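Asker: Just one file: protein_21.pdb, with PDB, C-alpha atoms.
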```pdb
ATOM      1  CA  MET A 626      12.902 -10.092 -13.404
ATOM      2  CA  PRO A 627      13.935  -6.404 -13.342
ATOM      3  CA  MET A 628      13.334  -4.507 -10.132
ATOM      4  CA  PRO A 629      11.228  -1.299 -10.124
ATOM      5  CA  LEU A 630      12.964   1.878 -11.265
ATOM      6  CA  ASN A 631      14.443   4.264  -8.727
ATOM      7  CA  ARG A 632      11.867   6.908  -7.911
ATOM      8  CA  ARG A 633      14.359   9.752  -7.651
ATOM      9  CA  ALA A 634      15.809   8.916 -11.060
ATOM     10  CA  PHE A 635      12.306   8.638 -12.500
ATOM     11  CA  LEU A 636      10.813  11.766 -10.952
ATOM     12  CA  SER A 637      13.905  13.884 -10.160
ATOM     13  CA  ALA A 638      12.199  14.421  -6.835
ATOM     14  CA  THR A 639      13.449  17.040  -4.435
ATOM     15  CA  ALA A 640      14.787  16.162  -1.009
ATOM     16  CA  SER A 641      12.252  15.969   1.790
ATOM     17  CA  ALA A 642      12.202  16.080   5.548
ATOM     18  CA  ALA A 643      12.423  12.676   7.189
ATOM     19  CA  VAL A 644       9.306  11.396   8.905
ATOM     20  CA  ALA A 645       9.615  10.189  12.470
ATOM     21  CA  SER A 646       9.336   6.470  13.083
ATOM     22  CA  THR A 647       9.898   4.135  15.983
ATOM     23  CA  PHE A 648      11.113   1.385  13.640
ATOM     24  CA  THR A 649      14.541   0.865  12.101
ATOM     25  CA  VAL A 650      14.444   1.341   8.349
ATOM     26  CA  ALA A 651      16.889   1.866   5.514
ATOM     27  CA  PRO A 652      18.486   5.344   5.454
ATOM     28  CA  SER A 653      17.303   6.031   1.894
ATOM     29  CA  GLY A 654      13.767   5.809   0.665
ATOM     30  CA  ALA A 655      10.892   7.313  -1.235
ATOM     31  CA  ALA A 656      10.755  11.053  -1.697
ATOM     32  CA  PRO A 657       7.395  12.808  -1.665
ATOM     33  CA  ILE A 658       5.781  12.856  -5.082
ATOM     34  CA  ARG A 659       6.892  15.765  -7.228
ATOM     35  CA  ARG A 660       4.037  17.414  -9.097
ATOM     36  CA  VAL A 661       3.944  20.132 -11.705
ATOM     37  CA  GLY A 662       1.426  22.940 -11.366
ATOM     38  CA  LYS A 663      -0.946  23.981  -8.631
ATOM     39  CA  SER A 664      -3.260  21.603  -6.813
ATOM     40  CA  GLN A 665      -6.187  20.428  -8.909
ATOM     41  CA  LEU A 666      -8.921  18.209  -7.489
ATOM     42  CA  ARG A 667     -11.511  16.154  -9.335
ATOM     43  CA  VAL A 668     -14.392  14.122  -7.947
ATOM     44  CA  GLY A 669     -14.814  10.365  -8.188
ATOM     45  CA  LEU A 670     -17.081   7.693  -6.748
ATOM     46  CA  ALA A 671     -15.938   4.292  -5.484
ATOM     47  CA  ALA A 672     -17.956   1.234  -6.433
ATOM     48  CA  TYR A 673     -17.643   0.127  -2.805
ATOM     49  CA  SER A 674     -20.087   2.928  -1.942
ATOM     50  CA  MET A 675     -22.860   0.844  -3.543
ATOM     51  CA  ARG A 676     -21.736  -2.525  -2.172
ATOM     52  CA  GLN A 677     -25.111  -3.457  -0.674
ATOM     53  CA  TYR A 678     -26.726  -3.146  -4.101
ATOM     54  CA  LEU A 679     -23.817  -4.592  -6.071
ATOM     55  CA  THR A 680     -24.088  -7.769  -3.967
ATOM     56  CA  ALA A 681     -27.894  -7.867  -3.787
ATOM     57  CA  LYS A 682     -29.877 -10.673  -5.392
ATOM     58  CA  PRO A 683     -31.297  -9.932  -8.855
ATOM     59  CA  GLY A 684     -34.753  -8.456  -8.545
ATOM     60  CA  THR A 685     -33.930  -6.607  -5.324
ATOM     61  CA  LYS A 686     -34.962  -2.970  -5.499
ATOM     62  CA  GLY A 687     -31.922  -0.887  -6.372
ATOM     63  CA  GLN A 688     -29.789  -3.915  -7.318
ATOM     64  CA  MET A 689     -27.054  -3.248  -9.864
ATOM     65  CA  ASP A 690     -24.042  -4.895 -11.448
ATOM     66  CA  LEU A 691     -20.742  -3.160 -12.186
ATOM     67  CA  LEU A 692     -21.940  -1.811 -15.520
ATOM     68  CA  GLY A 693     -25.051  -0.537 -13.768
ATOM     69  CA  PHE A 694     -22.836   1.223 -11.241
ATOM     70  CA  ILE A 695     -21.007   2.988 -14.047
ATOM     71  CA  ASP A 696     -24.323   4.172 -15.495
ATOM     72  CA  TYR A 697     -25.473   5.329 -12.051
ATOM     73  CA  ALA A 698     -22.253   7.250 -11.446
ATOM     74  CA  ALA A 699     -22.751   9.052 -14.761
ATOM     75  CA  THR A 700     -26.096  10.416 -13.525
ATOM     76  CA  LEU A 701     -24.322  11.999 -10.547
ATOM     77  CA  GLY A 702     -21.980  14.113 -12.646
ATOM     78  CA  VAL A 703     -18.762  12.733 -11.157
ATOM     79  CA  ASP A 704     -15.567  12.796 -13.183
ATOM     80  CA  ALA A 705     -14.466   9.227 -12.532
ATOM     81  CA  VAL A 706     -15.189   5.861 -10.965
ATOM     82  CA  GLU A 707     -13.044   3.596  -8.833
ATOM     83  CA  LEU A 708     -13.742  -0.063  -9.590
ATOM     84  CA  THR A 709     -13.385  -2.726  -6.899
ATOM     85  CA  SER A 710     -12.417  -6.289  -7.799
ATOM     86  CA  TYR A 711     -15.067  -7.699  -5.419
ATOM     87  CA  PHE A 712     -17.873  -6.627  -7.744
ATOM     88  CA  PHE A 713     -16.649  -8.047 -11.035
ATOM     89  CA  PRO A 714     -18.370 -11.258 -12.183
ATOM     90  CA  ALA A 715     -16.950 -14.479 -10.754
ATOM     91  CA  THR A 716     -15.619 -15.252 -14.228
ATOM     92  CA  PHE A 717     -15.099 -12.821 -17.088
ATOM     93  CA  ASP A 718     -13.038 -12.412 -20.234
ATOM     94  CA  ARG A 719     -11.264  -9.662 -22.135
ATOM     95  CA  ALA A 720     -14.514  -8.759 -23.887
ATOM     96  CA  TYR A 721     -16.055  -7.903 -20.513
ATOM     97  CA  LEU A 722     -13.131  -5.654 -19.586
ATOM     98  CA  ASN A 723     -13.420  -3.977 -22.976
ATOM     99  CA  GLU A 724     -17.116  -3.289 -22.344
ATOM    100  CA  VAL A 725     -16.363  -1.814 -18.909
ATOM    101  CA  LYS A 726     -13.823   0.521 -20.498
ATOM    102  CA  ARG A 727     -16.191   1.424 -23.340
ATOM    103  CA  ARG A 728     -19.097   2.063 -20.963
ATOM    104  CA  CYS A 729     -16.994   4.434 -18.882
ATOM    105  CA  HIS A 730     -15.767   6.322 -21.926
ATOM    106  CA  VAL A 731     -19.146   6.876 -23.558
ATOM    107  CA  ASN A 732     -20.450   8.118 -20.220
ATOM    108  CA  GLY A 733     -17.587  10.598 -19.935
ATOM    109  CA  LEU A 734     -16.028   8.855 -16.945
ATOM    110  CA  ASP A 735     -12.368   8.189 -16.230
ATOM    111  CA  ILE A 736     -11.403   5.010 -14.420
ATOM    112  CA  CYS A 737      -9.356   6.728 -11.755
ATOM    113  CA  GLY A 738      -8.289   3.541 -10.006
ATOM    114  CA  GLY A 739      -9.008   0.026  -8.905
ATOM    115  CA  ALA A 740      -9.036  -1.836  -5.614
ATOM    116  CA  ILE A 741      -8.212  -5.382  -4.567
ATOM    117  CA  ARG A 742      -8.066  -7.445  -1.377
ATOM    118  CA  ASN A 743      -4.690  -8.858  -0.258
ATOM    119  CA  ASN A 744      -2.500  -9.696   2.753
ATOM    120  CA  PHE A 745       1.233  -9.051   2.458
ATOM    121  CA  THR A 746       2.124  -9.484   6.133
ATOM    122  CA  LEU A 747       2.388 -13.273   5.764
ATOM    123  CA  PRO A 748       5.768 -15.007   6.107
ATOM    124  CA  ASP A 749       7.521 -16.553   3.109
ATOM    125  CA  GLU A 750       6.677 -20.101   4.168
ATOM    126  CA  ASP A 751       2.917 -19.452   4.232
ATOM    127  CA  PRO A 752       1.410 -20.857   0.985
ATOM    128  CA  GLU A 753      -1.286 -18.169   1.114
ATOM    129  CA  LEU A 754       1.343 -15.523   0.383
ATOM    130  CA  LYS A 755       2.009 -16.817  -3.126
ATOM    131  CA  LYS A 756      -1.733 -16.877  -3.751
ATOM    132  CA  TRP A 757      -1.984 -13.202  -2.767
ATOM    133  CA  LEU A 758       0.989 -12.250  -4.924
ATOM    134  CA  ASP A 759      -0.458 -14.144  -7.900
ATOM    135  CA  HIS A 760      -3.833 -12.496  -7.233
ATOM    136  CA  THR A 761      -2.172  -9.078  -7.257
ATOM    137  CA  ASP A 762      -0.342  -9.796 -10.519
ATOM    138  CA  THR A 763      -3.557 -10.997 -12.171
ATOM    139  CA  TRP A 764      -5.606  -7.991 -11.130
ATOM    140  CA  LEU A 765      -2.916  -5.494 -12.040
ATOM    141  CA  GLY A 766      -3.149  -7.018 -15.494
ATOM    142  CA  HIS A 767      -6.925  -6.558 -15.583
ATOM    143  CA  TYR A 768      -6.698  -2.967 -14.396
ATOM    144  CA  ALA A 769      -3.959  -2.232 -16.920
ATOM    145  CA  VAL A 770      -6.360  -3.322 -19.689
ATOM    146  CA  LEU A 771      -8.940  -0.916 -18.251
ATOM    147  CA  GLY A 772      -6.418   1.910 -18.153
ATOM    148  CA  ALA A 773      -6.600   2.365 -14.385
ATOM    149  CA  PRO A 774      -3.465   4.288 -13.340
ATOM    150  CA  VAL A 775      -3.420   3.150  -9.701
ATOM    151  CA  VAL A 776      -4.637   0.167  -7.692
ATOM    152  CA  ARG A 777      -5.315   0.287  -3.967
ATOM    153  CA  VAL A 778      -3.630  -2.462  -1.971
ATOM    154  CA  PHE A 779      -3.474  -3.332   1.713
ATOM    155  CA  SER A 780      -0.563  -4.417   3.828
ATOM    156  CA  GLY A 781      -2.976  -6.786   5.572
ATOM    157  CA  VAL A 782      -3.319  -8.099   9.108
ATOM    158  CA  PRO A 783      -0.329  -9.869  10.708
ATOM    159  CA  PRO A 784      -1.062 -13.488  11.683
ATOM    160  CA  LYS A 785      -1.768 -14.222  15.337
ATOM    161  CA  GLY A 786       1.423 -14.279  17.368
ATOM    162  CA  MET A 787       3.437 -12.202  14.889
ATOM    163  CA  SER A 788       5.035  -9.061  16.296
ATOM    164  CA  GLU A 789       4.085  -5.653  14.971
ATOM    165  CA  GLU A 790       7.651  -5.096  13.761
ATOM    166  CA  GLN A 791       7.675  -8.388  11.830
ATOM    167  CA  GLY A 792       4.297  -7.652  10.262
ATOM    168  CA  ILE A 793       5.587  -4.297   9.050
ATOM    169  CA  ALA A 794       8.811  -5.870   7.743
ATOM    170  CA  ASN A 795       6.894  -8.596   5.871
ATOM    171  CA  GLY A 796       4.524  -6.027   4.406
ATOM    172  CA  ILE A 797       7.434  -3.996   3.049
ATOM    173  CA  LYS A 798       9.223  -7.044   1.652
ATOM    174  CA  ASN A 799       6.125  -8.315  -0.139
ATOM    175  CA  LEU A 800       5.140  -4.896  -1.428
ATOM    176  CA  LYS A 801       8.554  -4.833  -3.113
ATOM    177  CA  LYS A 802       7.727  -8.160  -4.764
ATOM    178  CA  ALA A 803       4.371  -6.811  -5.941
ATOM    179  CA  LEU A 804       6.055  -3.707  -7.346
ATOM    180  CA  VAL A 805       7.789  -5.907  -9.917
ATOM    181  CA  PHE A 806       4.293  -6.692 -11.240
ATOM    182  CA  ALA A 807       3.254  -3.044 -10.962
ATOM    183  CA  GLU A 808       6.131  -1.882 -13.140
ATOM    184  CA  LYS A 809       5.464  -4.690 -15.642
ATOM    185  CA  HIS A 810       1.814  -3.671 -16.028
ATOM    186  CA  GLY A 811       2.386   0.078 -15.717
ATOM    187  CA  VAL A 812       0.027   0.453 -12.755
ATOM    188  CA  ILE A 813       0.903   2.270  -9.518
ATOM    189  CA  LEU A 814       0.368   0.522  -6.166
ATOM    190  CA  GLY A 815      -1.367   2.745  -3.623
ATOM    191  CA  LEU A 816      -0.894   1.450  -0.070
ATOM    192  CA  GLU A 817      -3.964   2.291   2.010
ATOM    193  CA  ASN A 818      -3.973   3.298   5.653
ATOM    194  CA  HIS A 819      -6.161   0.309   6.475
ATOM    195  CA  ASP A 820      -6.215  -2.570   8.982
ATOM    196  CA  TYR A 821      -3.289  -2.144  11.396
ATOM    197  CA  LEU A 822      -1.976   0.750   9.285
ATOM    198  CA  THR A 823      -4.797   2.954  10.567
ATOM    199  CA  LYS A 824      -2.114   3.866  13.107
ATOM    200  CA  ILE A 825      -0.354   6.097  10.631
ATOM    201  CA  ASP A 826       3.128   5.764  12.122
ATOM    202  CA  ARG A 827       3.062   2.093  11.102
ATOM    203  CA  MET A 828       2.977   3.224   7.449
ATOM    204  CA  LEU A 829       6.034   5.431   7.677
ATOM    205  CA  PRO A 830       8.678   2.670   7.479
ATOM    206  CA  ALA A 831       7.295   1.580   4.102
ATOM    207  CA  LEU A 832       7.352   5.160   2.828
ATOM    208  CA  LYS A 833      10.947   5.573   3.987
ATOM    209  CA  GLU A 834      12.195   2.281   2.590
ATOM    210  CA  ILE A 835      10.341   1.639  -0.667
ATOM    211  CA  ASP A 836      11.877   3.771  -3.404
ATOM    212  CA  SER A 837       9.845   3.215  -6.571
ATOM    213  CA  PRO A 838       7.907   5.452  -8.964
ATOM    214  CA  TRP A 839       5.223   2.758  -8.969
ATOM    215  CA  PHE A 840       4.512   3.134  -5.246
ATOM    216  CA  GLY A 841       2.578   5.662  -3.198
ATOM    217  CA  VAL A 842      -0.229   6.091  -0.691
ATOM    218  CA  ASN A 843      -3.925   5.519  -1.172
ATOM    219  CA  LEU A 844      -4.947   8.066   1.445
ATOM    220  CA  ASP A 845      -8.240   7.229   3.143
ATOM    221  CA  SER A 846      -9.623  10.088   5.215
ATOM    222  CA  GLY A 847     -11.669   7.778   7.425
ATOM    223  CA  ASN A 848      -9.051   5.202   8.439
ATOM    224  CA  VAL A 849      -7.219   6.992  11.233
ATOM    225  CA  ASP A 850      -6.859   5.400  14.663
ATOM    226  CA  ASP A 851      -6.322   8.733  16.410
ATOM    227  CA  THR A 852      -8.702  11.437  17.542
ATOM    228  CA  ASP A 853      -6.353  14.077  16.103
ATOM    229  CA  VAL A 854      -7.079  13.017  12.538
ATOM    230  CA  TYR A 855      -5.708  15.747  10.294
ATOM    231  CA  PRO A 856      -2.146  16.002  11.661
ATOM    232  CA  GLN A 857      -1.937  12.224  11.193
ATOM    233  CA  LEU A 858      -3.069  12.463   7.569
ATOM    234  CA  GLN A 859      -0.575  15.290   7.050
ATOM    235  CA  LYS A 860       2.218  12.738   7.507
ATOM    236  CA  ILE A 861       1.199  10.740   4.426
ATOM    237  CA  VAL A 862      -0.447  13.244   2.088
ATOM    238  CA  PRO A 863       2.850  14.111   0.319
ATOM    239  CA  TYR A 864       2.931  10.503  -0.942
ATOM    240  CA  ALA A 865      -0.713  10.299  -2.080
ATOM    241  CA  VAL A 866      -1.378   8.786  -5.510
ATOM    242  CA  ASN A 867      -5.110   8.488  -4.842
ATOM    243  CA  VAL A 868      -7.427   9.912  -2.188
ATOM    244  CA  GLN A 869     -10.609   8.420  -0.761
ATOM    245  CA  LEU A 870     -13.036  10.533   1.223
ATOM    246  CA  LYS A 871     -15.190   8.945   3.900
ATOM    247  CA  VAL A 872     -17.895  10.980   5.564
ATOM    248  CA  ASP A 873     -16.832   9.839   9.053
ATOM    249  CA  THR A 874     -13.345   9.605  10.509
ATOM    250  CA  GLY A 875     -11.343   8.802  13.625
ATOM    251  CA  PRO A 876     -11.037   5.686  15.799
ATOM    252  CA  VAL A 877     -13.670   2.998  15.234
ATOM    253  CA  LYS A 878     -15.548   3.669  18.466
ATOM    254  CA  GLN A 879     -15.088   7.446  18.302
ATOM    255  CA  LYS A 880     -16.102   8.278  14.748
ATOM    256  CA  VAL A 881     -16.997  11.893  14.009
ATOM    257  CA  PRO A 882     -18.151  13.586  10.798
ATOM    258  CA  THR A 883     -15.287  14.418   8.465
ATOM    259  CA  ASP A 884     -14.496  18.118   8.254
ATOM    260  CA  VAL A 885     -14.595  18.148   4.463
ATOM    261  CA  PRO A 886     -13.396  21.760   3.981
ATOM    262  CA  ARG A 887     -10.460  21.117   6.309
ATOM    263  CA  PHE A 888      -9.629  17.878   4.512
ATOM    264  CA  VAL A 889      -9.765  19.539   1.098
ATOM    265  CA  LYS A 890      -7.519  22.348   2.370
ATOM    266  CA  LEU A 891      -5.027  19.742   3.604
ATOM    267  CA  LEU A 892      -4.891  18.271   0.092
ATOM    268  CA  LYS A 893      -4.614  21.672  -1.559
ATOM    269  CA  ASP A 894      -1.877  22.848   0.791
ATOM    270  CA  ALA A 895       0.096  19.680  -0.012
ATOM    271  CA  GLY A 896      -0.213  20.370  -3.746
ATOM    272  CA  TYR A 897      -2.147  17.161  -4.403
ATOM    273  CA  ARG A 898      -3.370  16.862  -7.985
ATOM    274  CA  GLY A 899      -5.837  14.113  -8.726
ATOM    275  CA  TYR A 900      -9.082  12.525  -7.726
ATOM    276  CA  VAL A 901     -10.895  12.722  -4.421
ATOM    277  CA  VAL A 902     -13.029   9.583  -4.492
ATOM    278  CA  LEU A 903     -16.085   9.382  -2.274
ATOM    279  CA  GLU A 904     -16.149   5.970  -0.612
ATOM    280  CA  TYR A 905     -19.451   5.979   1.221
ATOM    281  CA  GLU A 906     -19.757   3.546   4.137
ATOM    282  CA  SER A 907     -22.258   5.154   6.498
ATOM    283  CA  ALA A 908     -25.736   4.084   7.568
ATOM    284  CA  PRO A 909     -28.187   6.218   5.526
ATOM    285  CA  ASP A 910     -29.089   4.632   2.201
ATOM    286  CA  PRO A 911     -26.432   5.453  -0.423
ATOM    287  CA  TYR A 912     -28.988   6.368  -3.072
ATOM    288  CA  GLU A 913     -30.183   9.117  -0.751
ATOM    289  CA  ALA A 914     -26.910  10.126   0.882
ATOM    290  CA  ILE A 915     -24.322  10.008  -1.909
ATOM    291  CA  PRO A 916     -25.666  12.991  -3.936
ATOM    292  CA  GLN A 917     -25.642  15.102  -0.760
ATOM    293  CA  HIS A 918     -22.059  14.191   0.138
ATOM    294  CA  LEU A 919     -20.890  14.785  -3.428
ATOM    295  CA  ALA A 920     -22.439  18.262  -3.255
ATOM    296  CA  THR A 921     -20.572  18.937  -0.007
ATOM    297  CA  LEU A 922     -17.300  17.809  -1.552
ATOM    298  CA  ARG A 923     -17.771  19.905  -4.688
ATOM    299  CA  ASP A 924     -18.608  22.962  -2.594
ATOM    300  CA  ALA A 925     -15.483  22.514  -0.474
ATOM    301  CA  ILE A 926     -13.300  22.171  -3.583
ATOM    302  CA  GLN A 927     -14.835  25.246  -5.184
ATOM    303  CA  LYS A 928     -14.269  27.364  -2.065
ATOM    304  CA  ALA A 929     -10.768  26.101  -1.239
TER     305      ALA A 929
END
```
Turn the structure described in the file into structure tokens.
Answerer:
Amino acid sequence: MPMPLNRRAFLSATASAAVASTFTVAPSGAAPIRRVGKSQLRVGLAAYSMRQYLTAKPGTKGQMDLLGFIDYAATLGVDAVELTSYFFPATFDRAYLNEVKRRCHVNGLDICGGAIRNNFTLPDEDPELKKWLDHTDTWLGHYAVLGAPVVRVFSGVPPKGMSEEQGIANGIKNLKKALVFAEKHGVILGLENHDYLTKIDRMLPALKEIDSPWFGVNLDSGNVDDTDVYPQLQKIVPYAVNVQLKVDTGPVKQKVPTDVPRFVKLLKDAGYRGYVVLEYESAPDPYEAIPQHLATLRDAIQKA
């Protein structure tokens, strides 16, 4: 199968400063994404924000399915929705995907991206790895039908006993395999700072080594294992192909409210153009809290 195209050839990207890393990586690698025009931010809502109602039993107050989520998002005035594979029916066909796409369009919503679960840190001999790669290929196909331009993926959690360096190396190797599928389907892979990659420096080897126009960062404002959040996010924002906003950020046991104006300024200063997707995970009920957080985000974008 053909390997993904060279990003520099595809984007004619300008040279960039190298990011510091404690790991040995290839001397060449991905350049920051080259964009045309000034920063432009739009607002989206992730289906994961409504997970407690998307997984609730029928008849539960507030319960919804994925189509119901799309209708709900339309009432909030957002520009787009991010659809998570967890909330699709256990079995579905092309007609269902067509209805999802139709429902979004008639409600004036873009499908700004998709999200899947995966683990790419596994060694070649682990049979689960092939299952995850097949899963990724399948879902990239589904999201391509929907017209989603980017799909969020994880590197995963290294198996017990595996060194950090080996987990990072496996993640890079298997991301390269998945990028063959990404190019085939025409869908960008956005690697999220999630799991052990909440320590941002662990992401940098992948960004330095993987040179493909179908690869970038799914930047999550809340997944930062450092109390100095914004300088850490600054390291990966030049590679962002999608952005998720959480209302809290920092290390798990030291979470603080996200400084939304500061975060928006970080994106604007980096020239990011695209969606800022609210992924609500906090305690107050999402039906009550989401409209308030969307208002805060819109205000910060308007004033930036």
Asker: Measure the distance from atom CA of Val668 of chain A to atom CA of Val778 of chain A in Å and round it to one decimal.
Answerer: 20.7 Å
Asker: Need to verify the contact set: Tyr768 of chain A, 12 Å, all atoms listed in the file, exclusion of same-chain residues closer than 3 positions in sequence. Can you return it as a CSV table (one decimal) with C-alpha atoms, keeping the file's coordinate frame?
Answerer:
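In the end it all went to part_17.csv:
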```
chain,number,residue,atom,x,y,z
A,707,GLU,CA,-13.0,3.6,-8.8
A,708,LEU,CA,-13.7,-0.1,-9.6
A,709,THR,CA,-13.4,-2.7,-6.9
A,710,SER,CA,-12.4,-6.3,-7.8
A,713,PHE,CA,-16.6,-8.0,-11.0
A,719,ARG,CA,-11.3,-9.7,-22.1
A,722,LEU,CA,-13.1,-5.7,-19.6
A,723,ASN,CA,-13.4,-4.0,-23.0
A,725,VAL,CA,-16.4,-1.8,-18.9
A,726,LYS,CA,-13.8,0.5,-20.5
A,736,ILE,CA,-11.4,5.0,-14.4
A,737,CYS,CA,-9.4,6.7,-11.8
A,738,GLY,CA,-8.3,3.5,-10.0
A,739,GLY,CA,-9.0,0.0,-8.9
A,740,ALA,CA,-9.0,-1.8,-5.6
A,741,ILE,CA,-8.2,-5.4,-4.6
A,761,THR,CA,-2.2,-9.1,-7.3
A,762,ASP,CA,-0.3,-9.8,-10.5
A,763,THR,CA,-3.6,-11.0,-12.2
A,764,TRP,CA,-5.6,-8.0,-11.1
A,765,LEU,CA,-2.9,-5.5,-12.0
A,771,LEU,CA,-8.9,-0.9,-18.3
A,772,GLY,CA,-6.4,1.9,-18.2
A,773,ALA,CA,-6.6,2.4,-14.4
A,774,PRO,CA,-3.5,4.3,-13.3
A,775,VAL,CA,-3.4,3.2,-9.7
A,776,VAL,CA,-4.6,0.2,-7.7
A,777,ARG,CA,-5.3,0.3,-4.0
A,807,ALA,CA,3.3,-3.0,-11.0
A,810,HIS,CA,1.8,-3.7,-16.0
A,811,GLY,CA,2.4,0.1,-15.7
A,812,VAL,CA,0.0,0.5,-12.8
A,813,ILE,CA,0.9,2.3,-9.5
A,814,LEU,CA,0.4,0.5,-6.2
```
Asker: Give as a PDB file with C-alpha atoms, keeping the file's coordinate frame the residues that the PyMOL selection byres ((chain A and resi 897) around 8) matches when applied to the coordinates above.
Answerer:
```pdb
ATOM      1  CA  ARG A 660       4.037  17.414  -9.097  1.00  0.00           C
ATOM      2  CA  SER A 664      -3.260  21.603  -6.813  1.00  0.00           C
ATOM      3  CA  GLN A 665      -6.187  20.428  -8.909  1.00  0.00           C
ATOM      4  CA  LEU A 666      -8.921  18.209  -7.489  1.00  0.00           C
ATOM      5  CA  VAL A 862      -0.447  13.244   2.088  1.00  0.00           C
ATOM      6  CA  PRO A 863       2.850  14.111   0.319  1.00  0.00           C
ATOM      7  CA  ALA A 865      -0.713  10.299  -2.080  1.00  0.00           C
ATOM      8  CA  LEU A 892      -4.891  18.271   0.092  1.00  0.00           C
ATOM      9  CA  LYS A 893      -4.614  21.672  -1.559  1.00  0.00           C
ATOM     10  CA  ASP A 894      -1.877  22.848   0.791  1.00  0.00           C
ATOM     11  CA  ALA A 895       0.096  19.680  -0.012  1.00  0.00           C
ATOM     12  CA  GLY A 896      -0.213  20.370  -3.746  1.00  0.00           C
ATOM     13  CA  ARG A 898      -3.370  16.862  -7.985  1.00  0.00           C
ATOM     14  CA  GLY A 899      -5.837  14.113  -8.726  1.00  0.00           C
TER      15      GLY A 899
END
```
Asker: For atom CA of Val703 of chain A and atom CA of Gly669 of chain A, quote the distance in Å rounded to one decimal.
Answerer: 5.5 Å
Asker: Determine the residue set returned by the PyMOL selection byres ((chain A and resi 801) around 10) for the present structure, and present it as an mmCIF file with C-alpha atoms, in the coordinates of the input.
Answerer:
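The resulting file, out20.cif, is reproduced below:
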```
data_model
loop_
_atom_site.group_PDB
_atom_site.id
_atom_site.type_symbol
_atom_site.label_atom_id
_atom_site.label_comp_id
_atom_site.auth_asym_id
_atom_site.auth_seq_id
_atom_site.Cartn_x
_atom_site.Cartn_y
_atom_site.Cartn_z
ATOM 1 C CA MET A 628 13.334 -4.507 -10.132
ATOM 2 C CA PRO A 629 11.228 -1.299 -10.124
ATOM 3 C CA ASN A 795 6.894 -8.596 5.871
ATOM 4 C CA GLY A 796 4.524 -6.027 4.406
ATOM 5 C CA ILE A 797 7.434 -3.996 3.049
ATOM 6 C CA LYS A 798 9.223 -7.044 1.652
ATOM 7 C CA ASN A 799 6.125 -8.315 -0.139
ATOM 8 C CA LEU A 800 5.140 -4.896 -1.428
ATOM 9 C CA LYS A 802 7.727 -8.160 -4.764
ATOM 10 C CA ALA A 803 4.371 -6.811 -5.941
ATOM 11 C CA LEU A 804 6.055 -3.707 -7.346
ATOM 12 C CA VAL A 805 7.789 -5.907 -9.917
ATOM 13 C CA PHE A 806 4.293 -6.692 -11.240
ATOM 14 C CA ALA A 807 3.254 -3.044 -10.962
ATOM 15 C CA ALA A 831 7.295 1.580 4.102
ATOM 16 C CA GLU A 834 12.195 2.281 2.590
ATOM 17 C CA ILE A 835 10.341 1.639 -0.667
ATOM 18 C CA ASP A 836 11.877 3.771 -3.404
ATOM 19 C CA SER A 837 9.845 3.215 -6.571
ATOM 20 C CA PHE A 840 4.512 3.134 -5.246
#
```
Asker: Running the PyMOL selection byres ((chain A and resi 699) around 12) on this model by hand, what would come out? Give it as an mmCIF file with C-alpha atoms, in the coordinates of the input.
Answerer:
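So selection02.cif came out as:
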```cif
data_model
loop_
_atom_site.group_PDB
_atom_site.id
_atom_site.type_symbol
_atom_site.label_atom_id
_atom_site.label_comp_id
_atom_site.auth_asym_id
_atom_site.auth_seq_id
_atom_site.Cartn_x
_atom_site.Cartn_y
_atom_site.Cartn_z
ATOM 1 C CA VAL A 668 -14.392 14.122 -7.947
ATOM 2 C CA GLY A 669 -14.814 10.365 -8.188
ATOM 3 C CA LEU A 670 -17.081 7.693 -6.748
ATOM 4 C CA LEU A 692 -21.940 -1.811 -15.520
ATOM 5 C CA GLY A 693 -25.051 -0.537 -13.768
ATOM 6 C CA PHE A 694 -22.836 1.223 -11.241
ATOM 7 C CA ILE A 695 -21.007 2.988 -14.047
ATOM 8 C CA ASP A 696 -24.323 4.172 -15.495
ATOM 9 C CA TYR A 697 -25.473 5.329 -12.051
ATOM 10 C CA ALA A 698 -22.253 7.250 -11.446
ATOM 11 C CA THR A 700 -26.096 10.416 -13.525
ATOM 12 C CA LEU A 701 -24.322 11.999 -10.547
ATOM 13 C CA GLY A 702 -21.980 14.113 -12.646
ATOM 14 C CA VAL A 703 -18.762 12.733 -11.157
ATOM 15 C CA ASP A 704 -15.567 12.796 -13.183
ATOM 16 C CA ALA A 705 -14.466 9.227 -12.532
ATOM 17 C CA VAL A 706 -15.189 5.861 -10.965
ATOM 18 C CA ARG A 728 -19.097 2.063 -20.963
ATOM 19 C CA CYS A 729 -16.994 4.434 -18.882
ATOM 20 C CA HIS A 730 -15.767 6.322 -21.926
ATOM 21 C CA VAL A 731 -19.146 6.876 -23.558
ATOM 22 C CA ASN A 732 -20.450 8.118 -20.220
ATOM 23 C CA GLY A 733 -17.587 10.598 -19.935
ATOM 24 C CA LEU A 734 -16.028 8.855 -16.945
ATOM 25 C CA ASP A 735 -12.368 8.189 -16.230
ATOM 26 C CA PRO A 916 -25.666 12.991 -3.936
#
```
Asker: Atom CA of Lys860 of chain A and atom CA of Val881 of chain A, how far apart in Å?
Answerer: 20.3 Å
Asker: Can you tell me, as an NGL selection string, what residues are no more than 10 Å from Pro714 of chain A when counting all atoms listed in the file, ignoring any on the same chain fewer than 4 positions away?
Answerer: :A and (690-691 or 710 or 718 or 721)
Asker: From the set A:Leu870, A:Asp759, A:Glu817, A:Arg742, which residue has the shortest atom-to-atom contact distance to Ile915 of chain A, counting only C-alpha atoms?
Answerer: A:Leu870
Asker: Would you mind listing what lies within 7 Å of segment 673-688 of chain A as an MDAnalysis selection string, with all atoms listed in the file counted and same-chain residues fewer than 6 positions away left out?
Answerer: chainID A and resid 709 712 904:906 911
